[in-house]
file input-v6.txt (compact mmCIF, C-alpha atoms)
# COMPACT_ATOMS: atom_id res chain seq x y z
CA MET V 1462 -11.48 20.31 28.62
CA ALA V 1463 -8.69 17.96 27.60
CA SER V 1464 -8.74 15.85 24.46
CA PRO V 1465 -9.53 12.13 24.99
CA ARG V 1466 -6.65 9.93 26.04
CA ARG V 1467 -5.80 6.49 24.80
CA ARG V 1468 -7.48 3.78 26.87
CA LYS V 1469 -4.96 2.21 29.19
CA GLY V 1470 -3.69 -0.97 27.56
CA SER V 1471 -5.37 -0.24 24.22
CA ARG V 1472 -3.06 -1.11 21.34
CA LEU V 1473 -3.54 0.60 17.99
CA GLY V 1474 -2.44 -0.89 14.68
CA LEU V 1475 -2.32 -0.08 10.99
CA ALA V 1476 -2.58 -2.53 8.08
CA LEU V 1477 -1.72 -1.26 4.61
CA ALA V 1478 -2.61 -3.36 1.58
CA SER V 1479 -0.94 -3.75 -1.78
CA GLY V 1480 -1.86 -1.88 -4.92
CA GLY V 1481 1.23 -0.95 -6.88
CA MET V 1482 2.37 2.65 -7.19
CA LEU V 1483 -1.23 3.79 -7.56
CA GLY V 1484 -2.16 2.06 -4.32
CA GLY V 1485 0.76 3.51 -2.38
CA VAL V 1486 -0.05 7.05 -3.48
CA TYR V 1487 -3.72 6.55 -2.59
CA GLU V 1488 -2.72 5.29 0.87
CA VAL V 1489 -0.68 8.42 1.57
CA GLY V 1490 -3.73 10.59 0.83
CA ALA V 1491 -5.98 8.35 2.92
CA LEU V 1492 -3.55 8.46 5.86
CA ARG V 1493 -3.50 12.25 5.74
CA ALA V 1494 -7.30 12.27 6.05
CA LEU V 1495 -7.17 9.89 9.01
CA GLU V 1496 -4.52 11.74 10.97
CA GLU V 1497 -6.16 15.14 10.64
CA SER V 1498 -9.70 13.85 11.29
CA ILE V 1499 -9.09 11.60 14.32
CA ASP V 1500 -8.07 13.29 17.54
CA GLY V 1501 -5.43 11.31 19.41
CA LEU V 1502 -4.16 9.42 16.36
CA ASP V 1503 -0.42 9.68 15.70
CA LEU V 1504 0.45 7.54 12.69
CA ASN V 1505 4.14 7.54 13.60
CA ARG V 1506 3.49 6.23 17.12
CA LEU V 1507 1.13 3.28 16.73
CA ASP V 1508 1.85 -0.02 18.45
CA VAL V 1509 2.01 -2.30 15.41
CA TYR V 1510 2.18 -1.95 11.63
CA VAL V 1511 1.82 -4.55 8.90
CA GLY V 1512 2.43 -3.81 5.23
CA VAL V 1513 2.12 -5.79 2.01
CA SER V 1514 3.80 -4.67 -1.23
CA ALA V 1515 3.07 -0.93 -1.68
CA GLY V 1516 1.69 -0.90 1.86
CA ALA V 1517 5.05 -2.15 3.11
CA PHE V 1518 6.78 0.68 1.24
CA VAL V 1519 4.56 3.31 2.89
CA GLY V 1520 4.66 1.61 6.30
CA SER V 1521 8.46 1.48 6.31
CA HIS V 1522 8.47 5.28 6.11
CA LEU V 1523 5.98 5.70 8.97
CA VAL V 1524 7.87 3.44 11.40
CA ASN V 1525 11.04 5.38 10.63
CA GLY V 1526 9.44 8.59 11.81
CA ILE V 1527 8.80 9.99 8.35
CA THR V 1528 5.52 11.86 8.65
CA VAL V 1529 2.64 11.77 6.21
CA THR V 1530 3.28 15.46 5.58
CA GLU V 1531 6.85 14.70 4.51
CA MET V 1532 5.59 11.96 2.18
CA ILE V 1533 3.06 14.35 0.66
CA ARG V 1534 5.82 16.88 0.14
CA GLY V 1535 7.75 14.18 -1.70
CA LEU V 1536 4.72 13.46 -3.87
CA ARG V 1537 4.32 17.11 -4.78
CA GLY V 1538 7.94 17.20 -5.83
CA ASP V 1539 9.01 20.40 -4.07
CA PRO V 1540 12.45 21.73 -5.09
CA GLY V 1541 15.21 19.99 -3.15
CA GLN V 1542 12.83 17.28 -1.95
CA GLU V 1543 13.40 13.66 -2.98
CA VAL V 1544 10.44 12.54 -5.10
CA LEU V 1545 8.33 9.82 -3.52
CA PHE V 1546 7.07 7.05 -5.83
CA ASP V 1547 9.44 8.20 -8.54
CA PRO V 1548 8.91 6.07 -11.69
CA ALA V 1549 12.68 6.04 -12.12
CA ILE V 1550 12.86 3.90 -8.97
CA PHE V 1551 9.99 1.56 -9.71
CA PHE V 1552 10.35 1.13 -13.45
CA MET V 1553 14.06 0.60 -14.05
CA PRO V 1554 14.31 -1.88 -16.97
CA ALA V 1555 15.84 -5.21 -15.96
CA PHE V 1556 18.73 -4.97 -18.41
CA ARG V 1557 20.91 -7.49 -16.56
CA GLU V 1558 18.18 -10.14 -16.51
CA MET V 1559 17.34 -9.58 -20.18
CA ARG V 1560 20.99 -9.72 -21.17
CA ARG V 1561 21.66 -12.88 -19.13
CA ARG V 1562 18.65 -14.70 -20.55
CA GLY V 1563 19.32 -13.40 -24.03
CA PHE V 1564 22.66 -15.20 -24.14
CA LEU V 1565 20.75 -18.49 -23.95
CA LEU V 1566 18.46 -17.71 -26.88
CA PRO V 1567 20.82 -18.77 -29.76
CA TRP V 1568 21.49 -22.11 -28.06
CA VAL V 1569 17.78 -22.77 -27.45
CA LEU V 1570 16.87 -21.90 -31.04
CA GLY V 1571 19.73 -24.02 -32.36
CA ASP V 1572 18.65 -27.02 -30.29
CA ALA V 1573 15.04 -26.59 -31.47
CA LEU V 1574 16.20 -26.56 -35.11
CA VAL V 1575 18.28 -29.73 -34.62
CA GLN V 1576 15.37 -31.55 -33.00
CA PHE V 1577 13.07 -30.49 -35.85
CA LEU V 1578 15.51 -31.67 -38.54
CA LYS V 1579 15.95 -35.01 -36.77
CA GLY V 1580 12.24 -35.57 -37.07
CA SER V 1581 11.68 -36.03 -33.36
CA GLU V 1582 8.28 -36.50 -31.75
CA SER V 1583 7.33 -32.83 -32.23
CA PRO V 1584 5.83 -32.57 -35.74
CA SER V 1585 6.54 -28.85 -36.14
CA PHE V 1586 9.25 -26.32 -35.55
CA ILE V 1587 6.92 -24.45 -33.17
CA GLY V 1588 6.56 -27.63 -31.14
CA SER V 1589 10.34 -27.80 -30.90
CA LEU V 1590 10.38 -24.43 -29.19
CA GLU V 1591 8.96 -25.78 -25.94
CA GLY V 1592 12.39 -25.33 -24.39
CA LEU V 1593 12.35 -21.60 -25.12
CA GLY V 1594 11.24 -20.81 -21.54
CA PRO V 1595 14.72 -20.68 -19.94
CA SER V 1596 15.76 -17.92 -22.36
CA LEU V 1597 12.80 -15.67 -21.50
CA PRO V 1598 13.39 -13.01 -18.80
CA VAL V 1599 11.45 -13.57 -15.57
CA CYS V 1600 10.82 -9.85 -15.08
CA LEU V 1601 10.54 -6.53 -16.88
CA PHE V 1602 11.89 -4.22 -14.17
CA ASP V 1603 14.82 -4.27 -11.76
CA ASN V 1604 13.65 -3.94 -8.14
CA GLU V 1605 17.16 -3.45 -6.81
CA ALA V 1606 16.58 0.29 -7.26
CA ILE V 1607 13.72 0.09 -4.71
CA ARG V 1608 15.99 -1.52 -2.12
CA GLU V 1609 18.79 0.98 -2.72
CA TYR V 1610 16.42 3.94 -2.40
CA LEU V 1611 15.02 2.70 0.92
CA HIS V 1612 18.43 1.74 2.27
CA ARG V 1613 19.77 5.25 1.58
CA ALA V 1614 16.70 6.85 3.13
CA PHE V 1615 16.91 4.75 6.30
CA LEU V 1616 20.63 5.43 6.82
CA GLN V 1617 19.87 9.04 7.67
CA PRO V 1618 20.11 10.14 11.33
CA GLY V 1619 17.16 9.07 13.44
CA ARG V 1620 16.19 6.24 11.08
CA THR V 1621 17.13 2.60 10.78
CA ASP V 1622 17.13 -0.24 8.26
CA ASP V 1623 16.96 -2.78 11.10
CA PHE V 1624 13.64 -4.16 12.40
CA ARG V 1625 15.21 -4.74 15.82
CA GLU V 1626 16.08 -1.06 16.27
CA LEU V 1627 12.59 0.26 15.50
CA PRO V 1628 10.66 1.81 18.40
CA ARG V 1629 7.44 0.25 17.00
CA LYS V 1630 6.63 -3.26 15.81
CA PHE V 1631 6.63 -3.56 12.04
CA PHE V 1632 5.86 -6.60 9.91
CA VAL V 1633 6.42 -6.95 6.16
CA VAL V 1634 4.78 -9.91 4.42
CA ALA V 1635 6.10 -11.66 1.30
CA THR V 1636 5.38 -15.05 -0.31
CA ASP V 1637 7.81 -17.94 -0.51
CA LEU V 1638 7.56 -18.88 -4.19
CA GLU V 1639 8.85 -22.42 -3.67
CA THR V 1640 6.61 -23.40 -0.72
CA GLY V 1641 3.64 -21.08 -1.18
CA GLY V 1642 3.86 -20.02 2.46
CA ALA V 1643 4.00 -16.58 4.02
CA VAL V 1644 7.31 -14.99 4.98
CA VAL V 1645 6.71 -12.44 7.75
CA PHE V 1646 9.75 -10.21 8.09
CA GLY V 1647 9.95 -8.60 11.52
CA HIS V 1648 9.03 -11.80 13.34
CA GLU V 1649 11.70 -13.35 15.52
CA GLY V 1650 14.11 -15.23 13.30
CA LEU V 1651 13.48 -12.91 10.35
CA ASP V 1652 13.94 -9.56 12.08
CA HIS V 1653 17.65 -9.45 11.20
CA ILE V 1654 16.80 -9.03 7.50
CA PRO V 1655 17.16 -5.36 6.50
CA ILE V 1656 13.84 -3.52 6.17
CA SER V 1657 14.80 -2.39 2.67
CA ARG V 1658 15.37 -5.99 1.58
CA ALA V 1659 12.07 -7.10 3.13
CA VAL V 1660 10.13 -4.39 1.29
CA GLN V 1661 11.90 -5.29 -1.94
CA ALA V 1662 10.74 -8.89 -1.49
CA SER V 1663 7.18 -7.91 -0.60
CA THR V 1664 6.88 -5.69 -3.70
CA ALA V 1665 8.29 -8.28 -6.13
CA VAL V 1666 5.21 -8.71 -8.33
CA PRO V 1667 5.77 -11.87 -10.43
CA GLY V 1668 6.41 -11.01 -14.05
CA LEU V 1669 7.19 -7.39 -13.28
CA TYR V 1670 10.04 -7.75 -10.79
CA GLN V 1671 12.79 -10.27 -10.14
CA PRO V 1672 12.04 -12.66 -7.24
CA VAL V 1673 14.21 -11.76 -4.26
CA ASP V 1674 16.53 -14.34 -2.70
CA VAL V 1675 16.51 -13.95 1.07
CA GLU V 1676 18.79 -16.49 2.73
CA GLY V 1677 17.69 -19.28 0.42
CA ARG V 1678 14.03 -18.26 0.24
CA VAL V 1679 12.74 -17.15 -3.16
CA CYS V 1680 10.36 -14.34 -2.21
CA VAL V 1681 7.71 -12.54 -4.24
CA ASP V 1682 4.78 -10.22 -3.57
CA GLY V 1683 2.89 -10.99 -0.34
CA VAL V 1684 -0.44 -10.26 -2.04
CA LEU V 1685 -0.39 -13.73 -3.59
CA LEU V 1686 -1.59 -15.08 -0.23
CA LYS V 1687 -3.62 -12.25 1.32
CA THR V 1688 -4.28 -8.62 0.60
CA LEU V 1689 -4.02 -7.11 4.09
CA HIS V 1690 -2.60 -9.81 6.40
CA SER V 1691 -4.53 -8.14 9.23
CA THR V 1692 -4.19 -11.24 11.42
CA VAL V 1693 -0.46 -10.53 11.75
CA ALA V 1694 -1.21 -7.27 13.58
CA LEU V 1695 -4.14 -8.74 15.49
CA GLY V 1696 -1.98 -11.65 16.60
CA TYR V 1697 0.47 -9.13 18.04
CA GLY V 1698 -2.35 -7.76 20.18
CA ALA V 1699 -3.89 -4.84 18.28
CA ASP V 1700 -7.21 -3.80 19.87
CA LEU V 1701 -8.08 -1.33 17.11
CA LEU V 1702 -6.75 -1.99 13.62
CA LEU V 1703 -7.13 0.63 10.90
CA CYS V 1704 -6.97 -0.98 7.46
CA VAL V 1705 -6.47 0.79 4.12
CA ASN V 1706 -7.14 -1.04 0.86
CA PRO V 1707 -6.62 1.20 -2.18
CA LEU V 1708 -7.88 -1.15 -4.90
CA VAL V 1709 -11.51 -2.02 -5.60
CA PRO V 1710 -13.12 -3.10 -8.90
CA MET V 1711 -14.03 -0.02 -10.90
CA ASN V 1712 -17.68 0.23 -11.89
CA THR V 1713 -17.07 1.61 -15.36
CA GLY V 1714 -20.67 0.92 -16.30
CA SER V 1715 -22.06 3.73 -14.15
CA GLU V 1716 -23.47 6.83 -15.82
CA ASP V 1717 -20.70 9.08 -14.48
CA ALA V 1718 -18.00 6.65 -15.61
CA ARG V 1719 -19.45 6.32 -19.10
CA GLU V 1720 -19.64 10.10 -19.38
CA ALA V 1721 -16.02 10.52 -18.27
CA LEU V 1722 -14.41 7.46 -19.86
CA GLY V 1723 -16.79 6.58 -22.67
CA ARG V 1724 -18.49 3.26 -23.27
CA ARG V 1725 -16.56 -0.01 -23.02
CA ALA V 1726 -13.63 1.73 -21.36
CA LEU V 1727 -12.07 -1.55 -20.24
CA GLN V 1728 -12.13 -3.10 -23.70
CA ARG V 1729 -10.76 0.05 -25.29
CA GLY V 1730 -8.00 0.14 -22.71
CA GLY V 1731 -6.65 -3.15 -24.03
CA LEU V 1732 -4.80 -5.83 -22.10
CA PRO V 1733 -3.44 -3.52 -19.33
CA ALA V 1734 -6.93 -2.30 -18.43
CA VAL V 1735 -8.41 -5.80 -18.46
CA LEU V 1736 -5.61 -7.19 -16.29
CA SER V 1737 -5.91 -4.25 -13.90
CA GLN V 1738 -9.64 -4.78 -13.44
CA SER V 1739 -9.15 -8.53 -13.01
CA PHE V 1740 -6.53 -7.91 -10.32
CA ARG V 1741 -8.85 -5.47 -8.55
CA ILE V 1742 -11.67 -8.03 -8.50
CA LEU V 1743 -9.37 -10.67 -7.03
CA ILE V 1744 -8.00 -8.28 -4.41
CA HIS V 1745 -11.41 -7.00 -3.33
CA SER V 1746 -12.99 -10.42 -2.93
CA ARG V 1747 -10.12 -11.54 -0.69
CA VAL V 1748 -10.24 -8.37 1.41
CA SER V 1749 -13.89 -8.92 2.28
CA LEU V 1750 -13.31 -12.58 3.12
CA GLY V 1751 -10.17 -11.77 5.10
CA MET V 1752 -11.92 -9.12 7.19
CA GLU V 1753 -14.69 -11.56 8.07
CA ARG V 1754 -12.22 -14.24 9.13
CA SER V 1755 -10.17 -11.77 11.17
CA ALA V 1756 -13.29 -10.62 13.00
CA GLN V 1757 -14.16 -14.23 13.81
CA MET V 1758 -10.65 -15.09 15.01
CA TYR V 1759 -10.32 -11.92 17.13
CA PRO V 1760 -13.85 -11.03 18.27
CA ASP V 1761 -12.61 -8.62 20.94
CA ALA V 1762 -10.67 -6.48 18.46
CA ASP V 1763 -12.13 -3.68 16.33
CA LEU V 1764 -11.28 -3.55 12.62
CA VAL V 1765 -12.08 -0.54 10.45
CA LEU V 1766 -11.54 -0.75 6.69
CA PHE V 1767 -11.13 2.28 4.42
CA GLN V 1768 -11.22 1.93 0.63
CA PRO V 1769 -12.43 3.93 -2.38
CA LYS V 1770 -15.90 3.71 -3.82
CA PRO V 1771 -16.26 1.46 -6.91
CA THR V 1772 -17.63 4.46 -8.83
CA GLU V 1773 -14.40 6.47 -8.40
CA HIS V 1774 -13.46 6.30 -12.07
CA ARG V 1775 -10.73 8.93 -11.68
CA LEU V 1776 -8.47 6.18 -10.35
CA PHE V 1777 -8.09 4.99 -13.95
CA THR V 1778 -5.07 7.16 -14.63
CA ASN V 1779 -1.48 7.09 -15.80
CA LEU V 1780 0.79 7.23 -12.77
CA PHE V 1781 3.90 7.82 -14.84
CA ARG V 1782 2.96 11.52 -14.78
CA LEU V 1783 3.57 13.53 -11.62
CA HIS V 1784 0.25 15.32 -12.03
CA SER V 1785 -1.58 12.00 -12.05
CA ARG V 1786 0.10 10.91 -8.83
CA ARG V 1787 -1.00 14.18 -7.24
CA LYS V 1788 -4.56 13.56 -8.34
CA VAL V 1789 -4.60 10.04 -6.87
CA CYS V 1790 -3.31 11.40 -3.55
CA GLU V 1791 -6.15 13.94 -3.56
CA ILE V 1792 -8.67 11.20 -4.30
CA GLY V 1793 -7.41 9.07 -1.41
CA TYR V 1794 -7.79 12.06 0.92
CA GLU V 1795 -11.27 12.97 -0.33
CA GLN V 1796 -12.64 9.44 -0.34
CA THR V 1797 -11.47 8.76 3.22
CA ARG V 1798 -12.92 12.01 4.53
CA VAL V 1799 -16.28 11.23 2.93
CA ASP V 1800 -16.20 7.72 4.37
CA LEU V 1801 -15.44 9.03 7.87
CA TRP V 1802 -18.28 11.53 7.63
CA HIS V 1803 -20.85 9.00 6.41
CA ARG V 1804 -19.90 6.54 9.18
CA ARG V 1805 -19.44 9.16 11.91
CA GLU V 1806 -22.31 7.89 14.07
CA THR V 1807 -20.80 4.40 14.11
CA LEU V 1808 -17.11 5.28 14.19
CA GLY V 1809 -17.43 7.99 16.84
CA PRO V 1810 -18.35 5.64 19.71
CA LEU V 1811 -16.00 2.93 18.40
CA PHE V 1812 -13.01 5.29 18.37
CA ALA V 1813 -14.00 6.62 21.80
CA LYS V 1814 -13.54 3.11 23.23
CA HIS V 1815 -9.86 3.43 22.35
CA GLY V 1816 -9.37 7.03 23.45
CA LEU V 1817 -9.80 8.56 20.00
CA ALA V 1818 -12.41 10.99 18.68
CA LEU V 1819 -13.60 12.25 15.33
CA ARG V 1820 -12.92 15.91 14.64
CA LEU V 1821 -16.32 16.61 13.14
CA GLU V 1822 -15.62 20.27 12.55
CA ARG V 1823 -12.69 19.41 10.30
CA LEU V 1824 -14.64 16.69 8.50
CA GLY V 1825 -17.40 19.18 7.83
CA ASP V 1826 -15.01 21.76 6.38
CA SER V 1827 -15.37 21.37 2.61
CA HIS V 1828 -12.46 23.75 1.93
CA ARG V 1829 -9.77 21.47 3.36
CA ASN V 1830 -7.47 19.62 0.96
CA VAL V 1831 -4.57 17.22 1.18
CA TRP V 1832 -1.99 19.93 0.45
CA ASP V 1833 -2.98 22.14 3.39
CA CYS V 1834 -0.45 20.38 5.61
CA LEU V 1835 2.40 21.73 3.47
CA ASP V 1836 1.40 25.35 4.03
CA HIS V 1837 0.55 24.78 7.70
CA PRO V 1838 2.67 21.81 8.85
CA ALA V 1839 1.76 22.28 12.50
CA GLU V 1840 -1.85 21.39 13.21
CA LYS V 1841 -3.75 24.07 15.10
CA GLU V 1842 -5.02 23.25 18.57
CA SER V 1843 -8.41 21.58 18.62
CA SER V 1844 -11.19 24.10 18.89
CA VAL V 1845 -13.45 24.18 21.94
CA ALA V 1846 -16.18 22.60 19.83
CA ASP V 1847 -13.84 19.76 18.79
CA ARG V 1848 -12.84 19.01 22.37
CA LEU V 1849 -16.39 19.23 23.65
CA ASP V 1850 -17.64 16.88 20.95
CA ALA V 1851 -14.83 14.42 21.69
CA ALA V 1852 -15.68 14.44 25.39
CA LEU V 1853 -19.35 13.84 24.68
CA GLN V 1854 -18.52 10.89 22.41
CA ALA V 1855 -16.31 9.36 25.10
CA LEU V 1856 -19.00 9.87 27.73
CA GLU V 1857 -21.66 8.31 25.52
CA ALA V 1858 -19.46 5.28 24.85
CA SER V 1859 -18.73 4.79 28.55
CA LEU V 1860 -22.44 4.97 29.41
CA LYS V 1861 -23.22 2.35 26.79
call {"tool": "encode", "arguments": {"input": "input-v6.txt", "output": "structure tokens"}}
result
Amino acid sequence: MASPRRRKGSRLGLALASGGMLGGVYEVGALRALEESIDGLDLNRLDVYVGVSAGAFVGSHLVNGITVTEMIRGLRGDPGQEVLFDPAIFFMPAFREMRRRGFLLPWVLGDALVQFLKGSESPSFIGSLEGLGPSLPVCLFDNEAIREYLHRAFLQPGRTDDFRELPRKFFVVATDLETGGAVVFGHEGLDHIPISRAVQASTAVPGLYQPVDVEGRVCVDGVLLKTLHSTVALGYGADLLLCVNPLVPMNTGSEDAREALGRRALQRGGLPAVLSQSFRILIHSRVSLGMERSAQMYPDADLVLFQPKPTEHRLFTNLFRLHSRRKVCEIGYEQTRVDLWHRRETLGPLFAKHGLALRLERLGDSHRNVWDCLDHPAEKESSVADRLDAALQALEASLK
């Protein structure tokens, strides 16, 4: 009995949210769980992709034919394999920006001293330092290394740095800092911008990375407007849109979290931990609202969101260490498999509408892990039980 086929005319899409390096690594693990657990799903051959920030980084690999297995191999850091999410790429100090701004500092301080000695309106020397802003660097890290890495990767045979040459539709969303509007690279009129430049713009987190000038537009991270930008893919005609959001507020007050992290983990973590949790809260609230609005705007489309549980305290980790990145990838894989299993009765018929089916035997195999694909890159043929279950799900959906 053959595996289910895609419904004629059904268009599948993938929306990947932001989340920094942690989020991108989590998404790779989640995508591995999806591709091995859903029969008929080929993540390199979907109809439309939309990525924001880290999601744009991961999506740019998928549309260029780079498989999830190859990305996982890059995360594991096998000998001779280019490391994916290498901190050396993402955390290159912005020496040029600091040096350029630093040249202004003596002049700003000198002007402040003159104004203070003249007895101007500011009664204190500190008040005279209001003009210090122009001498402060606008970023900590240089994101040019991100663009260069992607450009080199996409120059290899069979890949492209040009939206117009892609076999699949790909959209990268950034924010125009001067107008506050969305900049959707890949749309007509912006599809001539190199993919590597678009991803650089979409990942330009204000304060961390230099804003990216794209033909007169000052672009920063697309997450400032929305987290997923699912309507971009739905507007292109996606009938089933799989969404992955790697960041949710961490419930550090749970018993398991207190046992693992100790009490008041956020306060003890200092400013970085507090800012991280605040960002997660903002992201999560907008994801929920955005999914509701997308469902209202496109009632005939099916949206399925995958994200970690709030109690997954292991996501509080240091991603500068390769071992930590491996752990986050494993968590993304595990969390998505658990989610698929818990929602199997709902997702089974929904996927069947679009010619897909859950591989329940694989989901029920507790011995599987995210690294299995490296030892056995070619997936084995679906078992008779898998194919029979898929056919039954499709039949049930058609009867309904």
call {"tool": "closest_residue", "arguments": {"input": "input-v6.txt", "among": "V:Tyr1697, V:Phe1552, V:Phe1546, V:Tyr1794", "to": "V:Arg1472", "atoms": "only C-alpha atoms"}}
result
V:Tyr1697
call {"tool": "closest_residue", "arguments": {"input": "input-v6.txt", "among": "V:Arg1629, V:Arg1493, V:Arg1557, V:Arg1741", "to": "V:Gly1480", "atoms": "all atoms listed in the file"}}
result
V:Arg1741
call {"tool": "residues_near_point", "arguments": {"input": "input-v6.txt", "point": "(9.3, -8.4, -12.4)", "cutoff": "10 Å", "atoms": "all atoms listed in the file", "output": "ChimeraX atom specification"}}
result
/V:1552,1554-1555,1558,1598-1604,1664-1672,1681
call {"tool": "closest_residue", "arguments": {"input": "input-v6.txt", "among": "V:Glu1649, V:Asp1547, V:Glu1676, V:Asp1623", "to": "V:Ser1521", "atoms": "all atoms listed in the file"}}
result
V:Asp1623
call {"tool": "residues_around", "arguments": {"input": "input-v6.txt", "residues": "V:Arg1798", "least_positions_apart": "6", "cutoff": "9 Å", "atoms": "all atoms listed in the file", "output": "list in words"}}
result
Ala1491, Ala1494, Leu1495, Ser1498 and Leu1824 of chain V
call {"tool": "write_last_selection", "arguments": {"input": "input-v6.txt", "atoms": "C-alpha atoms", "output": "short mmCIF file (atom, residue, chain, number, x, y, z; two decimals), keeping the file's coordinate frame"}}
result
data_model
loop_
_atom_site.label_atom_id
_atom_site.label_comp_id
_atom_site.auth_asym_id
_atom_site.auth_seq_id
_atom_site.Cartn_x
_atom_site.Cartn_y
_atom_site.Cartn_z
CA ALA V 1491 -5.98 8.35 2.92
CA ALA V 1494 -7.30 12.27 6.05
CA LEU V 1495 -7.17 9.89 9.01
CA SER V 1498 -9.70 13.85 11.29
CA LEU V 1824 -14.64 16.69 8.50
#
call {"tool": "closest_residue", "arguments": {"input": "input-v6.txt", "among": "V:Val1513, V:Ile1792, V:Val1709, V:Met1532", "to": "V:Val1748", "atoms": "only C-alpha atoms"}}
result
V:Val1709
call {"tool": "build_atoms", "arguments": {"input": "input-v6.txt", "residues": "stretch 1624-1630 of chain V", "atoms": "all heavy atoms", "output": "compact mmCIF listing (two decimals), in the frame of the given file"}}
result
# COMPACT_ATOMS: atom_id res chain seq x y z
N PHE V 1624 14.90 -3.95 11.67
CA PHE V 1624 13.64 -4.16 12.40
C PHE V 1624 13.85 -4.08 13.90
O PHE V 1624 13.00 -3.56 14.64
CB PHE V 1624 13.04 -5.52 12.05
CG PHE V 1624 12.37 -5.60 10.71
CD1 PHE V 1624 13.04 -6.14 9.61
CD2 PHE V 1624 11.07 -5.16 10.53
CE1 PHE V 1624 12.41 -6.24 8.37
CE2 PHE V 1624 10.43 -5.25 9.31
CZ PHE V 1624 11.11 -5.79 8.21
N ARG V 1625 14.97 -4.62 14.38
CA ARG V 1625 15.21 -4.74 15.82
C ARG V 1625 15.45 -3.39 16.48
O ARG V 1625 15.33 -3.29 17.70
CB ARG V 1625 16.39 -5.68 16.06
CG ARG V 1625 16.15 -7.10 15.57
CD ARG V 1625 17.43 -7.90 15.48
NE ARG V 1625 18.35 -7.35 14.48
CZ ARG V 1625 19.50 -7.92 14.13
NH1 ARG V 1625 19.86 -9.06 14.72
NH2 ARG V 1625 20.27 -7.36 13.22
N GLU V 1626 15.80 -2.38 15.70
CA GLU V 1626 16.08 -1.06 16.27
C GLU V 1626 14.88 -0.12 16.20
O GLU V 1626 14.95 1.01 16.68
CB GLU V 1626 17.27 -0.43 15.54
CG GLU V 1626 18.58 -1.20 15.72
CD GLU V 1626 19.73 -0.57 14.95
OE1 GLU V 1626 19.49 0.44 14.26
OE2 GLU V 1626 20.85 -1.11 15.04
N LEU V 1627 13.78 -0.58 15.61
CA LEU V 1627 12.59 0.26 15.50
C LEU V 1627 11.92 0.43 16.86
O LEU V 1627 11.84 -0.52 17.65
CB LEU V 1627 11.59 -0.36 14.53
CG LEU V 1627 11.97 -0.37 13.05
CD1 LEU V 1627 10.95 -1.20 12.26
CD2 LEU V 1627 12.05 1.05 12.49
N PRO V 1628 11.39 1.62 17.14
CA PRO V 1628 10.66 1.81 18.40
C PRO V 1628 9.26 1.20 18.36
O PRO V 1628 8.63 1.05 19.40
CB PRO V 1628 10.58 3.34 18.53
CG PRO V 1628 10.63 3.83 17.12
CD PRO V 1628 11.53 2.87 16.39
N ARG V 1629 8.77 0.85 17.17
CA ARG V 1629 7.44 0.25 17.00
C ARG V 1629 7.58 -1.09 16.29
O ARG V 1629 8.55 -1.32 15.57
CB ARG V 1629 6.52 1.15 16.18
CG ARG V 1629 6.59 2.62 16.57
CD ARG V 1629 5.96 2.90 17.91
NE ARG V 1629 6.28 4.24 18.38
CZ ARG V 1629 5.95 4.73 19.55
NH1 ARG V 1629 5.26 3.98 20.39
NH2 ARG V 1629 6.30 5.95 19.90
N LYS V 1630 6.60 -1.95 16.46
CA LYS V 1630 6.63 -3.26 15.81
C LYS V 1630 6.15 -3.12 14.37
O LYS V 1630 5.09 -2.57 14.11
CB LYS V 1630 5.77 -4.27 16.57
CG LYS V 1630 6.13 -5.71 16.27
CD LYS V 1630 7.54 -6.03 16.70
CE LYS V 1630 7.90 -7.49 16.42
NZ LYS V 1630 9.29 -7.78 16.78
